[in-house]
Structure formats: C-alpha cells, structure tokens
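Structure data (mmCIF, C-alpha atoms) from coords_25.cif:
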data_structure
#
loop_
_atom_site.label_atom_id
_atom_site.label_comp_id
_atom_site.auth_asym_id
_atom_site.auth_seq_id
_atom_site.Cartn_x
_atom_site.Cartn_y
_atom_site.Cartn_z
CA MET G 1 283.88 -71.83 -24.94
CA MET G 2 282.04 -72.50 -28.16
CA LEU G 3 278.39 -71.49 -28.06
CA PRO G 4 275.85 -73.35 -30.19
CA ASP G 5 274.09 -71.24 -32.76
CA PRO G 6 271.13 -69.26 -31.41
CA GLY G 7 268.52 -71.20 -33.36
CA THR G 8 269.50 -74.51 -31.79
CA THR G 9 269.50 -72.91 -28.36
CA LEU G 10 266.00 -71.54 -28.86
CA TYR G 11 264.59 -74.84 -30.10
CA ALA G 12 266.28 -76.73 -27.29
CA GLY G 13 264.83 -74.20 -24.83
CA ALA G 14 261.31 -74.64 -26.21
CA PHE G 15 261.53 -78.46 -26.12
CA GLY G 16 263.13 -78.27 -22.68
CA LEU G 17 260.24 -76.18 -21.32
CA ILE G 18 257.73 -78.68 -22.71
CA VAL G 19 259.62 -81.62 -21.16
CA ILE G 20 259.95 -79.87 -17.78
CA GLY G 21 256.24 -79.06 -17.80
CA ILE G 22 255.07 -82.56 -18.72
CA VAL G 23 257.39 -84.23 -16.21
CA GLY G 24 256.14 -81.81 -13.56
CA LEU G 25 252.56 -82.74 -14.46
CA VAL G 26 253.38 -86.41 -14.02
CA ILE G 27 255.44 -86.40 -10.82
CA SER G 28 253.92 -83.50 -8.85
CA LYS G 29 251.65 -84.31 -5.93
CA ASN G 30 250.63 -80.76 -5.08
CA LEU G 31 247.70 -79.43 -7.10
CA TYR G 32 249.19 -75.94 -7.35
CA ARG G 33 252.49 -77.33 -8.62
CA ILE G 34 250.59 -79.29 -11.24
CA LEU G 35 249.00 -76.04 -12.43
CA LEU G 36 252.43 -74.37 -12.55
CA ALA G 37 253.81 -77.30 -14.56
CA LEU G 38 250.93 -76.87 -17.00
CA VAL G 39 251.82 -73.19 -17.36
CA ILE G 40 255.48 -74.06 -18.08
CA ALA G 41 254.51 -76.64 -20.70
CA GLU G 42 252.20 -74.08 -22.29
CA ALA G 43 255.01 -71.52 -22.45
CA GLY G 44 257.19 -74.09 -24.22
CA ALA G 45 254.46 -74.88 -26.74
CA ASN G 46 253.89 -71.19 -27.44
CA MET G 47 257.61 -70.63 -27.92
CA LEU G 48 257.81 -73.55 -30.35
CA LEU G 49 254.88 -72.12 -32.35
CA VAL G 50 256.52 -68.71 -32.62
CA LEU G 51 259.84 -70.30 -33.59
CA ALA G 52 258.11 -72.29 -36.34
CA GLY G 53 257.59 -69.07 -38.29
CA PHE G 54 260.75 -67.27 -37.22
CA ARG G 55 263.66 -66.40 -39.49
CA PHE G 56 266.83 -64.69 -38.43
CA ASP G 57 267.13 -62.73 -41.67
CA ALA G 58 263.66 -61.18 -41.44
CA ILE G 59 262.08 -58.33 -39.51
CA ALA G 60 258.91 -58.20 -37.41
CA PRO G 61 255.77 -58.07 -39.57
CA ILE G 62 255.12 -54.38 -38.98
CA ILE G 63 255.44 -51.88 -41.77
CA THR G 64 257.36 -48.83 -40.59
CA GLY G 65 258.30 -45.72 -42.51
CA ALA G 66 261.63 -47.05 -43.74
CA PHE G 67 260.02 -50.12 -45.31
CA ALA G 68 257.15 -48.69 -47.26
CA THR G 69 256.29 -51.94 -48.97
CA ALA G 70 256.22 -55.42 -47.58
CA GLN G 71 258.22 -56.83 -50.46
CA SER G 72 261.41 -54.84 -49.95
CA VAL G 73 262.59 -56.67 -46.80
CA PRO G 74 261.60 -60.22 -45.81
CA MET G 75 259.26 -60.36 -42.85
CA VAL G 76 258.54 -63.27 -40.53
CA ASP G 77 255.31 -65.23 -40.90
CA PRO G 78 252.54 -63.35 -39.02
CA VAL G 79 250.15 -66.29 -38.73
CA PRO G 80 251.96 -68.21 -35.92
CA GLN G 81 252.31 -64.98 -33.96
CA ALA G 82 248.57 -64.31 -34.18
CA MET G 83 247.91 -67.92 -33.14
CA VAL G 84 250.16 -67.59 -30.10
CA LEU G 85 248.41 -64.34 -29.13
CA THR G 86 245.18 -66.35 -29.07
CA ALA G 87 246.79 -69.23 -27.17
CA ILE G 88 248.23 -66.97 -24.46
CA VAL G 89 244.90 -65.28 -23.80
CA ILE G 90 243.02 -68.58 -23.61
CA GLY G 91 245.80 -69.94 -21.40
CA VAL G 92 245.24 -67.12 -18.92
CA GLY G 93 241.53 -67.93 -18.79
CA ILE G 94 242.25 -71.61 -18.19
CA GLN G 95 244.76 -70.82 -15.45
CA ALA G 96 242.30 -68.54 -13.66
CA LEU G 97 239.57 -71.18 -13.80
CA ALA G 98 241.95 -73.92 -12.60
CA LEU G 99 243.19 -71.70 -9.79
CA SER G 100 239.67 -71.01 -8.58
CA LEU G 101 238.89 -74.75 -8.63
CA ILE G 102 242.08 -75.40 -6.63
CA MET G 103 241.04 -72.75 -4.11
CA GLN G 104 237.68 -74.45 -3.65
CA VAL G 105 239.38 -77.84 -3.18
CA TYR G 106 241.59 -76.32 -0.50
CA ARG G 107 238.60 -74.76 1.26
CA THR G 108 236.78 -78.09 1.23
CA TYR G 109 239.56 -80.53 2.14
CA GLY G 110 242.19 -78.30 3.75
CA THR G 111 245.03 -79.74 1.71
CA LEU G 112 246.47 -79.64 -1.79
CA ASP G 113 248.17 -83.04 -1.63
CA MET G 114 246.69 -85.28 -4.32
CA ARG G 115 247.07 -88.50 -2.26
CA GLU G 116 245.35 -87.02 0.75
CA ILE G 117 242.58 -85.51 -1.37
CA SER G 118 241.89 -88.82 -3.11
CA ARG G 119 241.85 -90.61 0.27
CA LYS G 120 239.34 -88.13 1.64
CA LEU G 121 237.28 -88.32 -1.55
CA ASP G 122 237.19 -92.14 -1.27
CA ARG G 123 236.12 -91.87 2.36
CA ASP G 124 233.37 -89.38 1.53
CA MET G 125 232.06 -91.35 -1.41
CA ALA G 126 232.07 -94.57 0.58
CA GLY G 127 230.39 -92.78 3.46
CA SER G 128 227.61 -91.40 1.31
CA ALA G 129 227.09 -94.79 -0.35
CA GLY G 130 226.86 -96.50 3.05
CA VAL G 131 229.83 -98.86 2.67
CA SER G 132 232.90 -98.96 4.83
CA PRO G 133 235.84 -97.25 3.15
CA SER G 134 238.18 -100.19 3.65
CA SER G 135 235.94 -102.68 1.81
CA SER G 136 237.00 -104.07 -1.51
CA GLU G 137 235.03 -103.60 -4.70
CA GLU G 138 234.02 -107.27 -4.80
CA GLU G 139 232.35 -107.18 -1.40
CA PRO G 140 228.53 -107.45 -1.59
CA ALA G 141 226.75 -104.19 -0.89
CA PRO G 142 224.79 -103.75 2.37
CA GLN G 143 221.02 -104.26 2.35
CA SER G 144 220.09 -100.62 2.87
CA LEU G 145 221.86 -99.45 -0.23
CA SER G 146 219.81 -96.82 -1.98
CA PRO G 147 220.49 -95.50 -5.47
CA LEU G 148 220.81 -92.01 -4.03
CA PRO G 149 223.65 -91.23 -1.64
CA ASP G 150 222.65 -90.59 1.98
CA ALA G 151 223.94 -87.06 1.80
CA LEU G 152 221.26 -86.19 -0.71
CA LEU G 153 218.45 -88.00 1.14
CA ASN G 154 219.13 -86.62 4.62
CA LYS G 155 220.30 -83.20 3.43
CA THR G 156 223.27 -83.59 5.79
CA GLY G 157 226.54 -83.72 3.95
CA LYS G 158 229.73 -84.64 5.72
CA GLU G 159 232.15 -81.84 5.18
CA GLY G 160 232.17 -79.38 2.39
CA ALA G 161 228.39 -78.96 2.44
CA ASP G 162 228.64 -75.82 4.54
CA ALA G 163 227.61 -73.53 1.70
CA MET T 164 259.54 -96.32 1.85
CA VAL T 165 262.83 -94.66 0.90
CA GLU T 166 263.43 -97.36 -1.68
CA ARG T 167 260.04 -96.85 -3.31
CA LYS T 168 260.67 -93.12 -3.56
CA SER T 169 264.04 -93.59 -5.25
CA ILE T 170 262.50 -96.02 -7.73
CA ARG T 171 259.84 -93.42 -8.48
CA ASP T 172 262.47 -90.75 -9.06
CA PHE T 173 264.43 -93.05 -11.31
CA ALA T 174 261.32 -93.83 -13.36
CA ALA T 175 260.51 -90.13 -13.64
CA LEU T 176 264.06 -89.43 -14.84
CA LEU T 177 263.80 -92.18 -17.46
CA PHE T 178 260.44 -90.80 -18.58
CA ALA T 179 261.86 -87.29 -18.91
CA LEU T 180 264.84 -88.49 -20.93
CA GLY T 181 262.62 -90.54 -23.22
CA LEU T 182 260.21 -87.66 -23.76
CA ALA T 183 263.05 -85.24 -24.50
CA PHE T 184 264.59 -87.71 -26.98
CA LEU T 185 261.23 -88.24 -28.71
CA LEU T 186 260.57 -84.51 -29.01
CA LEU T 187 264.08 -83.74 -30.25
CA VAL T 188 263.92 -86.46 -32.91
CA LEU T 189 260.49 -85.20 -34.03
CA GLY T 190 261.65 -81.59 -33.92
CA GLY T 191 264.80 -82.34 -35.86
CA GLN T 192 262.70 -83.27 -38.85
CA PHE T 193 260.92 -79.93 -39.05
CA VAL T 194 262.25 -77.30 -41.36
CA PHE T 195 262.01 -74.19 -39.23
CA GLY T 196 261.84 -70.74 -40.73
CA SER T 197 261.21 -71.64 -44.34
CA ALA T 198 257.58 -72.35 -43.63
CA PRO T 199 255.73 -74.88 -45.79
CA MET T 200 252.66 -72.70 -45.16
CA LEU T 201 252.35 -70.31 -48.06
CA ILE T 202 249.47 -68.38 -46.47
CA GLY T 203 251.85 -66.27 -44.39
CA GLN T 204 253.69 -64.93 -47.42
CA GLU T 205 250.41 -64.22 -49.22
CA ILE T 206 249.09 -62.33 -46.21
CA LEU T 207 252.30 -60.32 -45.97
CA LYS T 208 251.86 -59.27 -49.61
CA SER T 209 248.18 -58.38 -49.57
CA ALA T 210 247.47 -57.34 -45.97
CA PRO T 211 248.51 -53.65 -46.16
CA ALA T 212 246.24 -53.04 -49.14
CA GLU T 213 243.33 -55.12 -47.85
CA THR T 214 243.17 -54.01 -44.21
CA GLY T 215 245.25 -50.84 -44.11
CA ALA T 216 246.96 -51.85 -40.86
CA ALA T 217 250.71 -51.46 -40.61
CA ASN T 218 250.91 -54.21 -37.98
CA ILE T 219 250.22 -57.34 -39.98
CA VAL T 220 249.66 -59.47 -36.88
CA THR T 221 246.74 -57.16 -36.10
CA SER T 222 245.31 -57.62 -39.56
CA VAL T 223 245.53 -61.40 -39.10
CA VAL T 224 243.93 -61.30 -35.65
CA LEU T 225 241.09 -58.90 -36.51
CA GLY T 226 240.79 -59.03 -40.27
CA TYR T 227 241.54 -62.51 -41.55
CA ARG T 228 240.64 -64.36 -38.34
CA GLY T 229 238.07 -62.00 -36.84
CA ILE T 230 235.54 -64.71 -36.03
CA ASP T 231 238.27 -66.62 -34.20
CA THR T 232 238.91 -63.55 -32.05
CA LEU T 233 235.19 -63.27 -31.31
CA VAL T 234 235.15 -66.90 -30.13
CA GLU T 235 238.31 -66.28 -28.12
CA ILE T 236 236.60 -63.44 -26.26
CA ALA T 237 233.67 -65.77 -25.67
CA ILE T 238 236.03 -68.40 -24.20
CA LEU T 239 237.58 -65.82 -21.89
CA PHE T 240 234.09 -64.73 -20.85
CA SER T 241 233.00 -68.28 -20.09
CA ALA T 242 236.18 -68.95 -18.10
CA ALA T 243 235.62 -65.80 -16.04
CA THR T 244 231.95 -66.70 -15.50
CA ALA T 245 232.80 -70.24 -14.45
CA ALA T 246 235.48 -69.01 -12.05
CA GLY T 247 232.98 -66.61 -10.49
CA LEU T 248 230.49 -69.47 -10.21
CA VAL T 249 233.03 -71.79 -8.57
CA LEU T 250 234.33 -69.22 -6.11
CA GLY T 251 230.86 -68.19 -4.99
CA LYS T 252 229.76 -65.21 -2.96
CA ARG T 253 231.45 -64.19 0.27
CA ARG T 254 229.44 -63.82 3.45
CA GLU T 255 228.70 -60.27 4.55
CA ASN T 256 230.44 -60.57 7.93
CA ALA T 257 233.50 -62.47 6.68
CA ARG T 258 236.85 -61.14 7.85
CA ARG T 259 238.90 -59.19 5.30
CA ASP T 260 242.62 -58.68 5.01
CA PRO T 261 243.81 -55.36 6.52
CA ASP T 262 244.71 -52.45 4.26
CA GLY T 263 248.29 -51.96 3.17
CA GLY T 264 250.60 -49.34 4.62
CA PHE T 265 250.88 -45.72 3.51
CA ILE T 266 253.60 -46.34 0.90
CA LEU T 267 251.66 -49.17 -0.74
CA LYS T 268 248.40 -47.18 -0.86
CA ALA T 269 250.03 -43.96 -2.12
CA SER T 270 252.01 -45.72 -4.84
CA ALA T 271 248.96 -47.69 -5.94
CA ASP T 272 247.02 -44.42 -6.33
CA LEU T 273 249.99 -42.87 -8.13
CA LEU T 274 250.32 -45.79 -10.56
CA PHE T 275 246.62 -45.85 -11.49
CA PRO T 276 246.51 -42.97 -14.04
CA PHE T 277 249.80 -43.96 -15.64
CA LEU T 278 248.74 -47.59 -16.07
CA LEU T 279 245.45 -46.39 -17.53
CA MET T 280 247.31 -44.15 -19.98
CA VAL T 281 249.74 -46.89 -21.05
CA GLY T 282 246.89 -49.36 -21.44
CA PHE T 283 244.85 -47.09 -23.70
CA TYR T 284 247.97 -46.11 -25.66
CA ILE T 285 248.76 -49.76 -26.38
CA ILE T 286 245.15 -50.52 -27.31
CA LEU T 287 244.76 -47.54 -29.65
CA HIS T 288 248.11 -48.08 -31.37
CA GLY T 289 247.52 -51.80 -31.87
CA HIS T 290 247.30 -51.43 -35.66
CA VAL T 291 250.56 -49.48 -36.10
CA THR T 292 252.90 -50.76 -33.35
CA PRO T 293 253.35 -54.05 -31.49
CA GLY T 294 250.47 -54.18 -29.06
CA GLY T 295 246.73 -54.25 -29.25
CA GLY T 296 243.55 -55.00 -27.40
CA PHE T 297 244.67 -58.07 -25.51
CA GLN T 298 247.95 -56.64 -24.27
CA GLY T 299 246.48 -53.24 -23.41
CA GLY T 300 243.44 -54.84 -21.81
CA VAL T 301 245.66 -56.75 -19.40
CA ILE T 302 247.37 -53.48 -18.42
CA LEU T 303 243.95 -51.86 -17.85
CA ALA T 304 243.00 -54.79 -15.62
CA ALA T 305 246.24 -54.31 -13.67
CA ALA T 306 245.44 -50.60 -13.28
CA PHE T 307 242.16 -51.45 -11.57
CA PHE T 308 243.55 -54.40 -9.61
CA ILE T 309 246.61 -52.80 -7.98
CA PRO T 310 244.59 -50.29 -5.86
CA LEU T 311 242.42 -53.23 -4.82
CA LEU T 312 245.51 -55.12 -3.60
CA ALA T 313 246.52 -52.12 -1.52
CA ARG T 314 243.00 -51.76 -0.02
CA PRO T 315 241.33 -55.19 0.12
CA SER T 316 238.34 -53.74 2.00
CA ARG T 317 237.35 -51.48 -0.88
CA LYS T 318 234.09 -52.38 -2.61
CA VAL T 319 234.39 -53.49 -6.22
CA ASN T 320 231.85 -52.06 -8.62
CA HIS T 321 230.87 -55.35 -10.22
CA ALA T 322 227.83 -53.83 -11.91
CA GLY T 323 230.02 -51.30 -13.74
CA ILE T 324 232.40 -54.05 -14.82
CA ILE T 325 229.50 -56.08 -16.22
CA VAL T 326 228.14 -53.04 -18.11
CA ILE T 327 231.54 -52.29 -19.73
CA GLU T 328 231.99 -55.95 -20.58
CA GLY T 329 228.57 -56.31 -22.17
CA LEU T 330 228.74 -53.05 -24.12
CA SER T 331 232.20 -53.76 -25.55
CA GLY T 332 231.23 -57.31 -26.50
CA ALA T 333 228.11 -55.98 -28.19
CA ALA T 334 230.16 -53.29 -29.98
CA PHE T 335 232.44 -55.97 -31.47
CA ILE T 336 229.45 -57.89 -32.84
CA ILE T 337 227.70 -54.72 -34.05
CA ILE T 338 230.78 -53.64 -36.04
CA GLY T 339 230.76 -57.10 -37.59
CA LEU T 340 227.06 -56.82 -38.41
CA VAL T 341 227.52 -53.36 -39.97
CA SER T 342 229.91 -54.79 -42.52
CA LEU T 343 227.44 -57.63 -43.09
CA PHE T 344 224.73 -55.09 -43.93
CA GLN T 345 227.13 -53.26 -46.25
CA GLY T 346 227.11 -56.36 -48.41
CA LYS T 347 230.41 -57.76 -47.17
CA GLU T 348 231.27 -60.74 -45.00
CA PHE T 349 230.67 -60.73 -41.24
CA LEU T 350 233.53 -58.86 -39.48
CA GLN T 351 235.19 -57.94 -42.76
CA PRO T 352 237.18 -54.71 -42.17
CA LEU T 353 235.27 -51.64 -43.32
CA LEU T 354 236.87 -48.54 -44.86
CA ALA T 355 240.03 -50.58 -44.77
CA ASN T 356 241.62 -49.32 -47.94
CA SER T 357 244.30 -46.94 -46.81
CA LEU T 358 243.23 -44.44 -49.47
CA GLU T 359 239.76 -43.99 -47.95
CA ILE T 360 240.70 -42.88 -44.41
CA GLY T 361 244.14 -41.93 -43.15
CA THR T 362 247.47 -43.21 -44.39
CA LEU T 363 249.23 -46.48 -43.71
CA GLY T 364 251.12 -46.31 -40.44
CA ASN T 365 249.23 -43.32 -39.02
CA LEU T 366 247.04 -43.50 -35.93
CA ILE T 367 243.96 -42.80 -38.04
CA SER T 368 244.04 -45.62 -40.53
CA ALA T 369 242.94 -49.21 -41.00
CA GLY T 370 239.21 -48.39 -40.96
CA THR T 371 237.31 -50.26 -38.27
CA LEU T 372 240.23 -52.29 -36.93
CA PRO T 373 241.14 -49.79 -34.15
CA LEU T 374 237.48 -49.72 -33.07
CA LEU T 375 237.43 -53.52 -32.94
CA TYR T 376 240.64 -53.54 -30.91
CA LEU T 377 239.20 -50.90 -28.54
CA ALA T 378 236.19 -53.16 -27.96
CA VAL T 379 238.50 -56.15 -27.41
CA GLY T 380 240.70 -54.18 -25.02
CA LEU T 381 237.81 -52.91 -22.90
CA LYS T 382 236.28 -56.36 -22.78
CA VAL T 383 239.51 -58.11 -21.82
CA GLY T 384 240.28 -55.43 -19.24
CA ALA T 385 236.84 -55.61 -17.62
CA GLU T 386 236.88 -59.42 -17.75
CA LEU T 387 240.26 -59.82 -16.11
CA ALA T 388 239.63 -57.07 -13.55
CA GLY T 389 236.40 -58.78 -12.51
CA LEU T 390 238.12 -62.18 -12.39
CA LEU T 391 241.04 -60.92 -10.28
CA ALA T 392 238.65 -59.08 -7.97
CA HIS T 393 236.69 -62.33 -7.54
CA ILE T 394 239.82 -64.35 -6.74
CA ALA T 395 241.10 -61.68 -4.33
CA ASP T 396 237.67 -61.48 -2.70
CA VAL T 397 237.58 -65.12 -1.55
CA GLU T 398 237.11 -65.37 2.19
CA ALA T 399 240.46 -65.37 3.92
CA ASP T 400 239.45 -67.45 6.97
CA LEU T 401 239.69 -71.00 5.73
#
Write-out of the structure in structure tokens:
Amino acid sequence: MMLPDPGTTLYAGAFGLIVIGIVGLVISKNLYRILLALVIAEAGANMLLVLAGFRFDAIAPIITGAFATAQSVPMVDPVPQAMVLTAIVIGVGIQALALSLIMQVYRTYGTLDMREISRKLDRDMAGSAGVSPSSSEEEPAPQSLSPLPDALLNKTGKEGADA
Amino acid sequence: MVERKSIRDFAALLFALGLAFLLLVLGGQFVFGSAPMLIGQEILKSAPAETGAANIVTSVVLGYRGIDTLVEIAILFSAATAAGLVLGKRRENARRDPDGGFILKASADLLFPFLLMVGFYIILHGHVTPGGGFQGGVILAAAFFIPLLARPSRKVNHAGIIVIEGLSGAAFIIIGLVSLFQGKEFLQPLLANSLEIGTLGNLISAGTLPLLYLAVGLKVGAELAGLLAHIADVEADL
C-alpha cells in the first residue's frame, strides 16, 4: 500500500479535526458534546498553526551543545509555536469556564439537551412575563403586563431561584 | 419523525463535505514551511544574543511577546474568577463524595512529591529545554489536585492559593517594572546578554527569563489548582 507523504497526512489531519469539530458544533444537541466539539476544532486549529511554520528539514528551535550557533542548522519558525502555547492555555481557561456554565445549567434545568432547555427557558420567560407559553408573538399582551417580570416583583422565582 | 431525522443527517453530511472541500481548497493555496513571515528567521538569528535563552520559543514568549504573556495570565485569571463566580459556594451541610480506597489514597500521596519535582524541573528549565511555566504549572496543579480526587472531603486552602497567585502575578509585573526603571522597555529581559551571567544553555543563564517563567508557573499552577478544586467542590446532590 502506498502511503501519502507525511506532510499531506498532517495537513489533512488538521483540516479533518477542524471539520469534525465544526460539524459536531452544528449537529450536537447535548451541551457537553458541543463543548467537546469545540475542543476538537481548537486542536485542529492549533495543529494547523504549528504546521504553518514546520519544515521537515529543520530542527526544533532550541540551541543545544552540538549546534552552538543558530545559523549552522535550519530551525523551524518559533513564532507559531509560541502563539500555539498561548492559544492552548487560553483554550483551557475557556473550557473550564464553559464547563462550569454547563454544570450550572444542569443544576437549574436537570438536562443538557438543547431542545429541552430552550423549551423550559421559553416556558419560564413566558411565565415571568405573564403570557401563556403557547401564544404567538402577534397576540396582544394581557392588561396586567408590567415592564418588570413577576419573578422580580414578587421575589418568587419559578425554579432555579433556590440560591 | 424518522424521515425528518434522516433529512437532517443528510444535510449535516453535505455541510461537512462542503466545509472540508472549502478548507482543503483554501489550504492548498498556502505555502507551508517556507514561511512568508520573515520575523521568525530574524528572531532565530538574534534571539540567543539578545535574550540569552537557548530555547527560542521561550525568548519569544517572555522576551519578544512578554506583554502578551502578561495579558494571557490575566485572561486565565479572569476565566478562573468567572468560573468560581458561576459555580458559587457550597452549603456547609451538603453531602460530599466518599473518600477513595486505600490504593487510591496511598498512590495519590506517593505521586505528590514526584509531580511537584517534575513540575518545578520543567518550570526552571524552561529556557534551556522544551518546557516552561505553563507546562510545569499544569503539572503543579495536577500534583495538588490528585490528592483532592482521592479525598474529596479534604479542605482546600483557598486562602493560600490566592496568596501564591497574587504574589506570583505581582512578581511578574515587578520584574517588568524593574527593567522599566533601568531605562529599558517594560518587560525587556534584564542581564540577558549571555556574557553577563552564566553561559548559553546552562541552567543559570538568560537573565530574568527563568524568574519570569517561575512566576508564570506558580501563577498558572495556583490558578488551575483553585479552578479544579472549585469544579470538584460543586455539590454532588443535584
């Protein structure tokens, strides 16, 4: 079997990770899976950035004893590697923040399914605005409509206000 | 219902194929390897003399883009703070997960000193070998988090974490200010010329860069340990 050259494989892998991640973002219904898809797409983007400066005939940009000067042997571009170091660290921060938000959503609504969460959100928003959840947007509002939602006025939220 | 689902899958497949085609056509036009950016080659030529660090990625991260690293630490800090804010405080009487078994607890205690050693090794050798403050900081965070996984009921010293975090963040800025008062730019490496202190490739070299990386490593380690402790500390009874 004839293998493609390693460069093509690496680029195809990076693009493939990005595609898998974005498709996962689009078609996933579970919030946690959406976060995982984001992580996969991020890995692909990082890999593409590192590959942009990579050369097969060069060594890592670290001067060791054998190569006393930088000019003797070609070295790969250090700038994309430093950029990716930054991107990975910021990615970890974003993932931790997203994960804690997802945990709070699960504590409040008891599910991670996007459709169910949006249904419950609609019901809660309609409930606090004093309209029936099944009404259409064109329906005239009831007389007692106040600019503030009931939950704020009565200090009694529906669910999720247990803190 | 089944029909709608299959149409959805078909549309998703078409979308994936189109996206892959678009990316491959765009990517095929890049010239990889022979970078159009000349800055990388310039940095490779002048970095050893200007910063004294054998690891040129370190001299880019701390020397040429030091302010960027400072902002990056700030972003990590704000993410950790926001996560702590979102997760909230647990109630005093909330149920906790039970402790792990003997093997888990003993091996967690056994791993702790070794992880600490590896973490500090990687931080302190960041300017001569692959590694540095971010990588070593993550290992430090793991060293403090693994015993917590084995014993979820153990109290976390959040005050100590905050003190380490604040002091290391302040140290990073103070080192930057020192070089400002020496008449150089903010965060410009001090004593960087390899002739002044140490030799290129030795542990003692590169001037203030190892100190900066130590500050980064302690800050990242404290930050991530606090964040993981917060996430693990969320009330289990949902």
Closest pair table for chain T residues within 8 Å of chain G, all atoms listed in the file, as CSV:
residue,atom,partner,partner_atom,distance
T:Ala175,CA,G:Ile27,CA,6.9
T:Phe178,CA,G:Val23,CA,7.6
T:Ala179,CA,G:Val23,CA,6.1
T:Leu182,CA,G:Val19,CA,6.6
T:Ala183,CA,G:Val19,CA,6.0
T:Leu186,CA,G:Phe15,CA,6.8
T:Leu187,CA,G:Phe15,CA,7.2
T:Phe195,CA,G:Ala52,CA,5.2
T:Gly196,CA,G:Arg55,CA,4.9
T:Ser197,CA,G:Gly53,CA,7.5
T:Ala198,CA,G:Gly53,CA,6.3
T:Gly203,CA,G:Asp77,CA,5.0
T:Gln204,CA,G:Asp77,CA,6.7
T:Leu207,CA,G:Ala70,CA,6.5
T:Lys208,CA,G:Ala70,CA,6.2
T:Ala217,CA,G:Ile63,CA,4.9
T:Asn218,CA,G:Ile62,CA,4.3
T:Ile219,CA,G:Pro61,CA,5.6
T:Val220,CA,G:Pro78,CA,5.3
T:Thr221,CA,G:Ala82,CA,7.6
T:Val223,CA,G:Ala82,CA,6.5
T:Val224,CA,G:Ala82,CA,5.7
T:Thr232,CA,G:Thr86,CA,7.5
T:Glu235,CA,G:Ile90,CA,6.9
T:Ile238,CA,G:Ile90,CA,7.0
T:Leu239,CA,G:Gly93,CA,5.4
T:Ala242,CA,G:Gly93,CA,5.5
T:Ala243,CA,G:Gly93,CA,6.9
T:Ala245,CA,G:Leu97,CA,6.9
T:Ala246,CA,G:Leu97,CA,4.9
T:Val249,CA,G:Leu101,CA,6.6
T:Leu250,CA,G:Ser100,CA,6.1
T:Val291,CA,G:Ile62,CA,7.3
T:Thr292,CA,G:Ile62,CA,7.1
T:Pro293,CA,G:Ile62,CA,7.7
T:Phe297,CA,G:Val89,CA,7.4
T:Gly364,CA,G:Thr64,CA,6.7
T:Leu390,CA,G:Ala96,CA,7.7
T:Ile394,CA,G:Ser100,CA,6.9
T:Leu401,CA,G:Arg107,CA,5.9
From T:Phe275, T:Phe184, T:Tyr227, T:Phe265, residue lying nearest Ile309 in chain T [all atoms listed in the file] | T:Phe275
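Across the structure, CA of Arg115 in chain G and CA of Leu177 in chain T are spaced 22.9 Å apart.
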Expressed in Å to a single decimal, how great is the separation between CA of Gly190 in chain T and CA of Leu25 in chain G?
->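 Calculated distance between CA of Gly190 in chain T and CA of Leu25 in chain G is 21.5 Å.
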So which residues touch Phe349 in chain T within 12 Å, counting all atoms listed in the file, skipping near sequence neighbours fewer than 3 positions away, as a PyMOL selection string?
-> chain T and resi 225-231+233+335-346+352-353
Could you please determine the separation between CA of Ser209 in chain T and CA of Gly294 in chain T in Å, to one decimal place?
->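 About the pair CA of Ser209 in chain T and CA of Gly294 in chain T: they are 21.1 Å apart.
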Given the file shown, determine the residues that the PyMOL selection byres ((chain T and resi 315) around 9) selects; report them as an NGL selection string.
-> :T and (259-263 or 310-314 or 316-318 or 395-396)
Residues just named, written with C-alpha atoms as a short mmCIF file (atom, residue, chain, number, x, y, z; two decimals), in the frame of the given file:
data_model
loop_
_atom_site.label_atom_id
_atom_site.label_comp_id
_atom_site.auth_asym_id
_atom_site.auth_seq_id
_atom_site.Cartn_x
_atom_site.Cartn_y
_atom_site.Cartn_z
CA ARG T 259 238.90 -59.19 5.30
CA ASP T 260 242.62 -58.68 5.01
CA PRO T 261 243.81 -55.36 6.52
CA ASP T 262 244.71 -52.45 4.26
CA GLY T 263 248.29 -51.96 3.17
CA PRO T 310 244.59 -50.29 -5.86
CA LEU T 311 242.42 -53.23 -4.82
CA LEU T 312 245.51 -55.12 -3.60
CA ALA T 313 246.52 -52.12 -1.52
CA ARG T 314 243.00 -51.76 -0.02
CA SER T 316 238.34 -53.74 2.00
CA ARG T 317 237.35 -51.48 -0.88
CA LYS T 318 234.09 -52.38 -2.61
CA ALA T 395 241.10 -61.68 -4.33
CA ASP T 396 237.67 -61.48 -2.70
#
Convert the output of the PyMOL selection byres ((chain T and resi 282) around 12) on the shown file into explicit residues, formatted as an MDAnalysis selection string.
-> chainID T and resid 274:281 283:289 294:307 377 380:381 383:384
